[in-house]
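run.tsv, holding TSV, N, CA and C atoms:
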chain	number	residue	atom	x	y	z
M	60	MET	N	17.16	36.34	130.16
M	60	MET	CA	18.47	36.67	129.66
M	60	MET	C	18.53	38.17	129.36
M	61	SER	N	19.49	38.86	129.87
M	61	SER	CA	19.61	40.29	129.69
M	61	SER	C	20.30	40.63	128.37
M	62	GLN	N	20.02	41.82	127.88
M	62	GLN	CA	20.64	42.26	126.64
M	62	GLN	C	22.06	42.74	126.91
M	63	PRO	N	22.94	42.55	125.93
M	63	PRO	CA	24.31	43.04	126.12
M	63	PRO	C	24.32	44.57	126.10
M	64	ARG	N	25.25	45.17	126.83
M	64	ARG	CA	25.35	46.61	126.89
M	64	ARG	C	25.78	47.18	125.54
M	65	GLN	N	25.10	48.25	125.13
M	65	GLN	CA	25.45	48.89	123.86
M	65	GLN	C	26.60	49.86	124.07
M	66	TYR	N	26.65	50.49	125.23
M	66	TYR	CA	27.70	51.47	125.54
M	66	TYR	C	28.45	50.99	126.77
M	67	ALA	N	29.74	51.30	126.81
M	67	ALA	CA	30.57	50.85	127.91
M	67	ALA	C	30.17	51.51	129.23
M	68	ASP	N	29.85	52.79	129.18
M	68	ASP	CA	29.46	53.50	130.39
M	68	ASP	C	28.55	54.67	130.01
M	69	ASN	N	28.13	55.43	131.03
M	69	ASN	CA	27.24	56.55	130.78
M	69	ASN	C	27.90	57.64	129.94
M	70	ALA	N	29.18	57.83	130.07
M	70	ALA	CA	29.89	58.84	129.28
M	70	ALA	C	29.81	58.49	127.79
M	71	ALA	N	29.99	57.23	127.45
M	71	ALA	CA	29.91	56.81	126.05
M	71	ALA	C	28.49	56.97	125.53
M	72	LYS	N	27.53	56.68	126.37
M	72	LYS	CA	26.13	56.85	126.00
M	72	LYS	C	25.82	58.32	125.72
M	73	GLN	N	26.34	59.22	126.56
M	73	GLN	CA	26.13	60.66	126.39
M	73	GLN	C	26.83	61.17	125.12
M	74	ARG	N	28.05	60.69	124.84
M	74	ARG	CA	28.75	61.09	123.61
M	74	ARG	C	27.97	60.67	122.38
M	75	ALA	N	27.42	59.49	122.38
M	75	ALA	CA	26.63	59.01	121.24
M	75	ALA	C	25.37	59.86	121.07
M	76	TYR	N	24.74	60.22	122.18
M	76	TYR	CA	23.55	61.07	122.11
M	76	TYR	C	23.90	62.43	121.51
M	77	ARG	N	24.96	63.04	121.98
M	77	ARG	CA	25.37	64.36	121.46
M	77	ARG	C	25.72	64.28	119.98
M	78	ALA	N	26.36	63.20	119.57
M	78	ALA	CA	26.71	63.03	118.15
M	78	ALA	C	25.45	62.91	117.30
M	79	ARG	N	24.44	62.17	117.80
M	79	ARG	CA	23.18	62.05	117.05
M	79	ARG	C	22.48	63.40	116.94
M	80	GLN	N	22.50	64.18	118.01
M	80	GLN	CA	21.86	65.50	117.99
M	80	GLN	C	22.58	66.44	117.02
M	81	ALA	N	23.90	66.44	117.02
M	81	ALA	CA	24.66	67.30	116.10
M	81	ALA	C	24.42	66.88	114.66
M	82	ASP	N	24.34	65.57	114.42
M	82	ASP	CA	24.08	65.09	113.06
M	82	ASP	C	22.68	65.51	112.59
M	83	ALA	N	21.71	65.45	113.49
M	83	ALA	CA	20.35	65.86	113.13
M	83	ALA	C	20.31	67.34	112.79
M	84	ARG	N	21.04	68.19	113.53
M	84	ARG	CA	21.09	69.63	113.24
M	84	ARG	C	21.75	69.88	111.88
M	85	ARG	N	22.83	69.16	111.59
M	85	ARG	CA	23.51	69.32	110.29
M	85	ARG	C	22.60	68.91	109.14
M	86	ARG	N	21.87	67.81	109.30
M	86	ARG	CA	20.95	67.38	108.24
M	86	ARG	C	19.82	68.38	108.05
M	87	GLU	N	19.30	68.93	109.14
M	87	GLU	CA	18.23	69.92	109.06
M	87	GLU	C	18.70	71.18	108.34
M	88	GLN	N	19.89	71.66	108.68
M	88	GLN	CA	20.43	72.85	108.01
M	88	GLN	C	20.73	72.57	106.55
M	89	GLY	N	21.22	71.38	106.25
M	89	GLY	CA	21.50	71.01	104.86
M	89	GLY	C	20.23	70.94	104.04
M	90	ALA	N	19.16	70.46	104.64
M	90	ALA	CA	17.88	70.37	103.92
M	90	ALA	C	17.33	71.76	103.62
M	91	LYS	N	17.63	72.72	104.48
M	91	LYS	CA	17.17	74.09	104.26
M	91	LYS	C	18.09	74.85	103.32
M	92	GLY	N	19.23	74.28	102.99
M	92	GLY	CA	20.17	74.96	102.11
M	92	GLY	C	20.98	76.04	102.79
M	93	LEU	N	21.09	75.95	104.10
M	93	LEU	CA	21.83	76.96	104.84
M	93	LEU	C	23.25	76.51	105.10
M	94	PRO	N	24.19	77.45	105.08
M	94	PRO	CA	25.55	77.10	105.47
M	94	PRO	C	25.59	76.73	106.95
M	95	LEU	N	26.58	75.98	107.34
M	95	LEU	CA	26.69	75.58	108.74
M	95	LEU	C	27.02	76.77	109.63
M	96	ALA	N	26.55	76.73	110.85
M	96	ALA	CA	26.89	77.76	111.82
M	96	ALA	C	28.35	77.59	112.21
M	97	PRO	N	29.01	78.68	112.64
M	97	PRO	CA	30.42	78.54	113.01
M	97	PRO	C	30.56	77.67	114.25
M	98	PRO	N	31.70	77.00	114.39
M	98	PRO	CA	31.87	76.12	115.54
M	98	PRO	C	31.91	76.88	116.87
M	99	LEU	N	32.38	78.12	116.84
M	99	LEU	CA	32.41	78.93	118.05
M	99	LEU	C	31.31	79.98	117.97
M	100	PRO	N	30.48	80.09	118.99
M	100	PRO	CA	29.36	81.05	118.92
M	100	PRO	C	29.81	82.50	118.87
M	101	THR	N	31.07	82.79	119.18
M	101	THR	CA	31.54	84.17	119.15
M	101	THR	C	31.99	84.61	117.77
M	102	LEU	N	32.13	83.68	116.82
M	102	LEU	CA	32.52	84.03	115.46
M	102	LEU	C	31.31	84.50	114.67
M	103	PRO	N	31.45	85.55	113.87
M	103	PRO	CA	30.31	85.99	113.06
M	103	PRO	C	29.97	84.95	112.00
M	104	SER	N	28.71	84.87	111.67
M	104	SER	CA	28.25	83.90	110.68
M	104	SER	C	27.58	84.64	109.54
M	105	ARG	N	28.32	85.54	108.89
M	105	ARG	CA	27.75	86.40	107.86
M	105	ARG	C	27.15	85.61	106.70
M	106	ALA	N	27.82	84.57	106.27
M	106	ALA	CA	27.31	83.77	105.16
M	106	ALA	C	25.96	83.16	105.51
M	107	ARG	N	25.83	82.67	106.73
M	107	ARG	CA	24.56	82.09	107.18
M	107	ARG	C	23.47	83.15	107.25
M	108	TRP	N	23.81	84.31	107.79
M	108	TRP	CA	22.83	85.39	107.90
M	108	TRP	C	22.39	85.86	106.52
M	109	GLN	N	23.34	85.98	105.62
M	109	GLN	CA	22.99	86.42	104.27
M	109	GLN	C	22.10	85.39	103.58
M	110	ALA	N	22.37	84.11	103.80
M	110	ALA	CA	21.53	83.08	103.21
M	110	ALA	C	20.12	83.14	103.79
M	111	LEU	N	20.01	83.36	105.09
M	111	LEU	CA	18.69	83.47	105.71
M	111	LEU	C	17.93	84.69	105.18
M	112	LEU	N	18.63	85.82	105.04
M	112	LEU	CA	17.98	87.02	104.50
M	112	LEU	C	17.55	86.81	103.05
M	113	ALA	N	18.38	86.12	102.28
M	113	ALA	CA	18.01	85.84	100.88
M	113	ALA	C	16.77	84.97	100.81
M	114	ARG	N	16.68	83.96	101.69
M	114	ARG	CA	15.49	83.11	101.71
M	114	ARG	C	14.26	83.89	102.12
M	115	ALA	N	14.41	84.77	103.12
M	115	ALA	CA	13.28	85.58	103.57
M	115	ALA	C	12.81	86.51	102.45
M	116	THR	N	13.75	87.13	101.76
M	116	THR	CA	13.41	88.02	100.66
M	116	THR	C	12.67	87.26	99.57
M	117	CYS	N	13.18	86.09	99.22
M	117	CYS	CA	12.54	85.27	98.18
M	117	CYS	C	11.12	84.88	98.60
M	118	SER	N	10.94	84.50	99.86
M	118	SER	CA	9.61	84.12	100.34
M	118	SER	C	8.65	85.29	100.30
M	119	LEU	N	9.10	86.46	100.74
M	119	LEU	CA	8.23	87.64	100.73
M	119	LEU	C	7.87	88.05	99.31
M	120	GLU	N	8.85	87.99	98.40
M	120	GLU	CA	8.57	88.34	97.00
M	120	GLU	C	7.58	87.37	96.37
M	121	THR	N	7.74	86.09	96.66
M	121	THR	CA	6.83	85.08	96.14
M	121	THR	C	5.41	85.32	96.65
M	122	CYS	N	5.29	85.59	97.93
M	122	CYS	CA	3.97	85.85	98.52
M	122	CYS	C	3.34	87.09	97.89
M	123	ARG	N	4.12	88.15	97.77
M	123	ARG	CA	3.60	89.39	97.18
M	123	ARG	C	3.15	89.17	95.74
M	124	ASP	N	3.96	88.45	94.95
M	124	ASP	CA	3.62	88.21	93.55
M	124	ASP	C	2.36	87.36	93.41
M	125	GLU	N	2.22	86.33	94.27
M	125	GLU	CA	1.03	85.49	94.21
M	125	GLU	C	-0.23	86.26	94.63
M	126	MET	N	-0.09	87.10	95.63
M	126	MET	CA	-1.23	87.91	96.07
M	126	MET	C	-1.64	88.90	94.98
M	127	GLN	N	-0.65	89.49	94.33
M	127	GLN	CA	-0.95	90.44	93.27
M	127	GLN	C	-1.61	89.74	92.09
M	128	ALA	N	-1.14	88.54	91.75
M	128	ALA	CA	-1.73	87.78	90.66
M	128	ALA	C	-3.17	87.40	90.99
M	129	TYR	N	-3.41	87.04	92.26
M	129	TYR	CA	-4.77	86.71	92.68
M	129	TYR	C	-5.68	87.93	92.54
M	130	TYR	N	-5.19	89.08	92.98
M	130	TYR	CA	-5.96	90.32	92.88
M	130	TYR	C	-6.27	90.66	91.42
M	131	ASP	N	-5.25	90.54	90.57
M	131	ASP	CA	-5.41	90.89	89.15
M	131	ASP	C	-6.37	89.94	88.43
M	132	ALA	N	-6.46	88.69	88.89
M	132	ALA	CA	-7.31	87.70	88.22
M	132	ALA	C	-8.79	87.86	88.59
M	133	ARG	N	-9.10	88.64	89.60
M	133	ARG	CA	-10.49	88.81	90.04
M	133	ARG	C	-11.20	89.86	89.19
M	134	SER	N	-12.52	89.81	89.24
M	134	SER	CA	-13.35	90.75	88.47
M	134	SER	C	-13.25	92.16	89.07
M	135	GLU	N	-13.66	93.14	88.27
M	135	GLU	CA	-13.64	94.52	88.75
M	135	GLU	C	-14.60	94.71	89.92
M	136	ARG	N	-15.67	93.98	89.89
M	136	ARG	CA	-16.64	94.06	90.99
M	136	ARG	C	-16.01	93.59	92.29
M	137	TRP	N	-15.27	92.49	92.22
M	137	TRP	CA	-14.59	91.99	93.42
M	137	TRP	C	-13.52	92.98	93.87
M	138	GLN	N	-12.79	93.56	92.93
M	138	GLN	CA	-11.72	94.49	93.27
M	138	GLN	C	-12.24	95.75	93.95
M	139	ASP	N	-13.51	96.04	93.82
M	139	ASP	CA	-14.11	97.21	94.48
M	139	ASP	C	-14.59	96.88	95.89
M	140	GLY	N	-14.51	95.63	96.30
M	140	GLY	CA	-15.04	95.21	97.60
M	140	GLY	C	-14.06	95.35	98.74
M	141	GLU	N	-14.56	94.95	99.93
M	141	GLU	CA	-13.78	95.04	101.16
M	141	GLU	C	-12.62	94.05	101.18
M	142	ARG	N	-12.85	92.85	100.68
M	142	ARG	CA	-11.79	91.84	100.67
M	142	ARG	C	-10.62	92.29	99.80
M	143	ALA	N	-10.93	92.93	98.70
M	143	ALA	CA	-9.86	93.42	97.83
M	143	ALA	C	-9.06	94.51	98.52
M	144	ALA	N	-9.75	95.37	99.27
M	144	ALA	CA	-9.06	96.43	100.00
M	144	ALA	C	-8.13	95.84	101.06
M	145	ALA	N	-8.61	94.81	101.75
M	145	ALA	CA	-7.77	94.15	102.76
M	145	ALA	C	-6.56	93.49	102.11
M	146	LEU	N	-6.77	92.87	100.95
M	146	LEU	CA	-5.66	92.23	100.24
M	146	LEU	C	-4.64	93.27	99.77
M	147	LEU	N	-5.10	94.41	99.29
M	147	LEU	CA	-4.18	95.46	98.88
M	147	LEU	C	-3.36	95.99	100.05
M	148	GLU	N	-3.97	96.06	101.23
M	148	GLU	CA	-3.24	96.48	102.42
M	148	GLU	C	-2.13	95.48	102.74
M	149	GLN	N	-2.44	94.19	102.61
M	149	GLN	CA	-1.43	93.17	102.86
M	149	GLN	C	-0.30	93.26	101.84
M	150	ILE	N	-0.64	93.49	100.60
M	150	ILE	CA	0.39	93.61	99.56
M	150	ILE	C	1.28	94.82	99.86
M	151	GLU	N	0.67	95.92	100.28
M	151	GLU	CA	1.46	97.10	100.62
M	151	GLU	C	2.38	96.85	101.81
M	152	SER	N	1.90	96.11	102.80
M	152	SER	CA	2.75	95.81	103.96
M	152	SER	C	3.91	94.91	103.57
M	153	LEU	N	3.67	93.99	102.62
M	153	LEU	CA	4.77	93.17	102.12
M	153	LEU	C	5.79	94.03	101.39
M	154	GLU	N	5.33	94.98	100.62
M	154	GLU	CA	6.23	95.91	99.92
M	154	GLU	C	7.10	96.66	100.92
M	155	GLN	N	6.48	97.13	102.01
M	155	GLN	CA	7.24	97.85	103.02
M	155	GLN	C	8.27	96.96	103.70
M	156	ALA	N	7.88	95.71	103.95
M	156	ALA	CA	8.82	94.77	104.57
M	156	ALA	C	10.00	94.50	103.64
M	157	LEU	N	9.72	94.37	102.35
M	157	LEU	CA	10.80	94.13	101.39
M	157	LEU	C	11.74	95.33	101.30
M	158	GLU	N	11.18	96.52	101.38
M	158	GLU	CA	12.02	97.71	101.33
M	158	GLU	C	12.87	97.84	102.59
M	159	ALA	N	12.37	97.33	103.72
M	159	ALA	CA	13.10	97.42	104.98
M	159	ALA	C	14.27	96.44	105.06
M	160	LEU	N	14.22	95.37	104.27
M	160	LEU	CA	15.31	94.40	104.30
M	160	LEU	C	16.57	95.02	103.70
M	161	PRO	N	17.73	94.64	104.24
M	161	PRO	CA	18.96	95.19	103.68
M	161	PRO	C	19.18	94.65	102.27
M	162	PRO	N	19.83	95.45	101.41
M	162	PRO	CA	20.09	94.97	100.05
M	162	PRO	C	21.08	93.81	100.08
M	163	ASP	N	21.02	93.01	99.03
M	163	ASP	CA	21.95	91.88	98.93
M	163	ASP	C	23.37	92.41	98.89
M	164	GLU	N	24.19	91.85	99.74
M	164	GLU	CA	25.60	92.24	99.77
M	164	GLU	C	26.42	91.04	99.36
M	165	PRO	N	27.49	91.26	98.62
M	165	PRO	CA	28.35	90.13	98.28
M	165	PRO	C	29.01	89.58	99.54
M	166	ALA	N	29.28	88.33	99.53
M	166	ALA	CA	29.92	87.70	100.68
M	166	ALA	C	31.29	88.34	100.90
M	167	PRO	N	31.65	88.61	102.14
M	167	PRO	CA	32.95	89.23	102.40
M	167	PRO	C	34.08	88.28	102.02
M	168	GLN	N	35.15	88.88	101.54
M	168	GLN	CA	36.32	88.09	101.17
M	168	GLN	C	37.01	87.61	102.44
M	169	ARG	N	37.39	86.38	102.42
M	169	ARG	CA	38.11	85.84	103.56
M	169	ARG	C	39.59	86.09	103.35
M	170	HIS	N	40.21	86.63	104.36
M	170	HIS	CA	41.62	86.92	104.28
M	170	HIS	C	42.41	85.72	104.80
M	171	ARG	N	43.36	85.30	104.02
M	171	ARG	CA	44.21	84.20	104.46
M	171	ARG	C	45.44	84.78	105.13
M	172	ARG	N	45.78	84.16	106.17
M	172	ARG	CA	46.97	84.60	106.89
M	172	ARG	C	48.21	84.09	106.18
M	173	ARG	N	49.14	84.96	106.00
M	173	ARG	CA	50.41	84.55	105.41
M	173	ARG	C	51.33	84.06	106.49
M	174	ARG	N	52.00	82.98	106.17
M	174	ARG	CA	52.91	82.42	107.18
M	174	ARG	C	54.33	82.63	106.77
What's the structure tokens form of this structure?
Amino acid sequence: MSQPRQYADNAAKQRAYRARQADARRREQGAKGLPLAPPLPTLPSRARWQALLARATCSLETCRDEMQAYYDARSERWQDGERAAALLEQIESLEQALEALPPDEPAPQRHRRRR
């Protein structure tokens, strides 16, 4: 005995697949706390870009702070060694990366069209 058809035709099957894929992307973006991308790829997505930059800045600051705390918690003997020098170089590179990021900008005001 054969199973009943779930979709009427291949077009319906393809529509359901695309809907599942779009839903998965929305859930993934929601889990990351990111605003949705614009429906048209030609529209700027400043809010999304700003959210991504804010997350990157937060991650870099967290990494730098944890590395600095690790360095500070070690003995003076360890701080004079090669591993400490390598860690300080990494901390400095994180500082440079943070300085290279654009400063936080307020979200642009959306202009409403008057009718």
query = So how many Å separate atom CA of Leu119 of chain M and atom CA of Leu153 of chain M, to one decimal?
reply = 6.7 Å
At a cut-off of 10 Å, using only C-alpha atoms, what residues contact Gly92 of chain M? Leave out same-chain residues fewer than 4 positions from it and give the result as an mmCIF file with N, CA and C atoms, in the frame of the given file.
data_model
loop_
_atom_site.group_PDB
_atom_site.id
_atom_site.type_symbol
_atom_site.label_atom_id
_atom_site.label_comp_id
_atom_site.auth_asym_id
_atom_site.auth_seq_id
_atom_site.Cartn_x
_atom_site.Cartn_y
_atom_site.Cartn_z
ATOM 1 N N ARG M 86 21.870 67.810 109.300
ATOM 2 C CA ARG M 86 20.950 67.380 108.240
ATOM 3 C C ARG M 86 19.820 68.380 108.050
ATOM 4 N N GLU M 87 19.300 68.930 109.140
ATOM 5 C CA GLU M 87 18.230 69.920 109.060
ATOM 6 C C GLU M 87 18.700 71.180 108.340
ATOM 7 N N GLN M 88 19.890 71.660 108.680
ATOM 8 C CA GLN M 88 20.430 72.850 108.010
ATOM 9 C C GLN M 88 20.730 72.570 106.550
ATOM 10 N N ARG M 107 25.830 82.670 106.730
ATOM 11 C CA ARG M 107 24.560 82.090 107.180
ATOM 12 C C ARG M 107 23.470 83.150 107.250
ATOM 13 N N ALA M 110 22.370 84.110 103.800
ATOM 14 C CA ALA M 110 21.530 83.080 103.210
ATOM 15 C C ALA M 110 20.120 83.140 103.790
ATOM 16 N N LEU M 111 20.010 83.360 105.090
ATOM 17 C CA LEU M 111 18.690 83.470 105.710
ATOM 18 C C LEU M 111 17.930 84.690 105.180
ATOM 19 N N ARG M 114 16.680 83.960 101.690
ATOM 20 C CA ARG M 114 15.490 83.110 101.710
ATOM 21 C C ARG M 114 14.260 83.890 102.120
#
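For the pair atom C of Ala106 of chain M and atom CA of Ile150 of chain M, the interatomic distance is 28.3 Å.
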inquiry  = Just want the 10 Å neighbourhood of Glu120 of chain M, counted on only C-alpha atoms, with same-chain residues fewer than 4 positions away dropped. Output as a PyMOL selection string.
reply    = chain M and resi 114-116+124-126+153-154+156-157
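Atom C of Gly140 of chain M sits 28.8 Å away from atom N of Leu160 of chain M.
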message = Using DSSP secondary structure from the backbone, list all helix (DSSP H, G or I) positions within chain M, as a ChimeraX atom specification.
response = /M:69-91,105-132,135-138,141-159
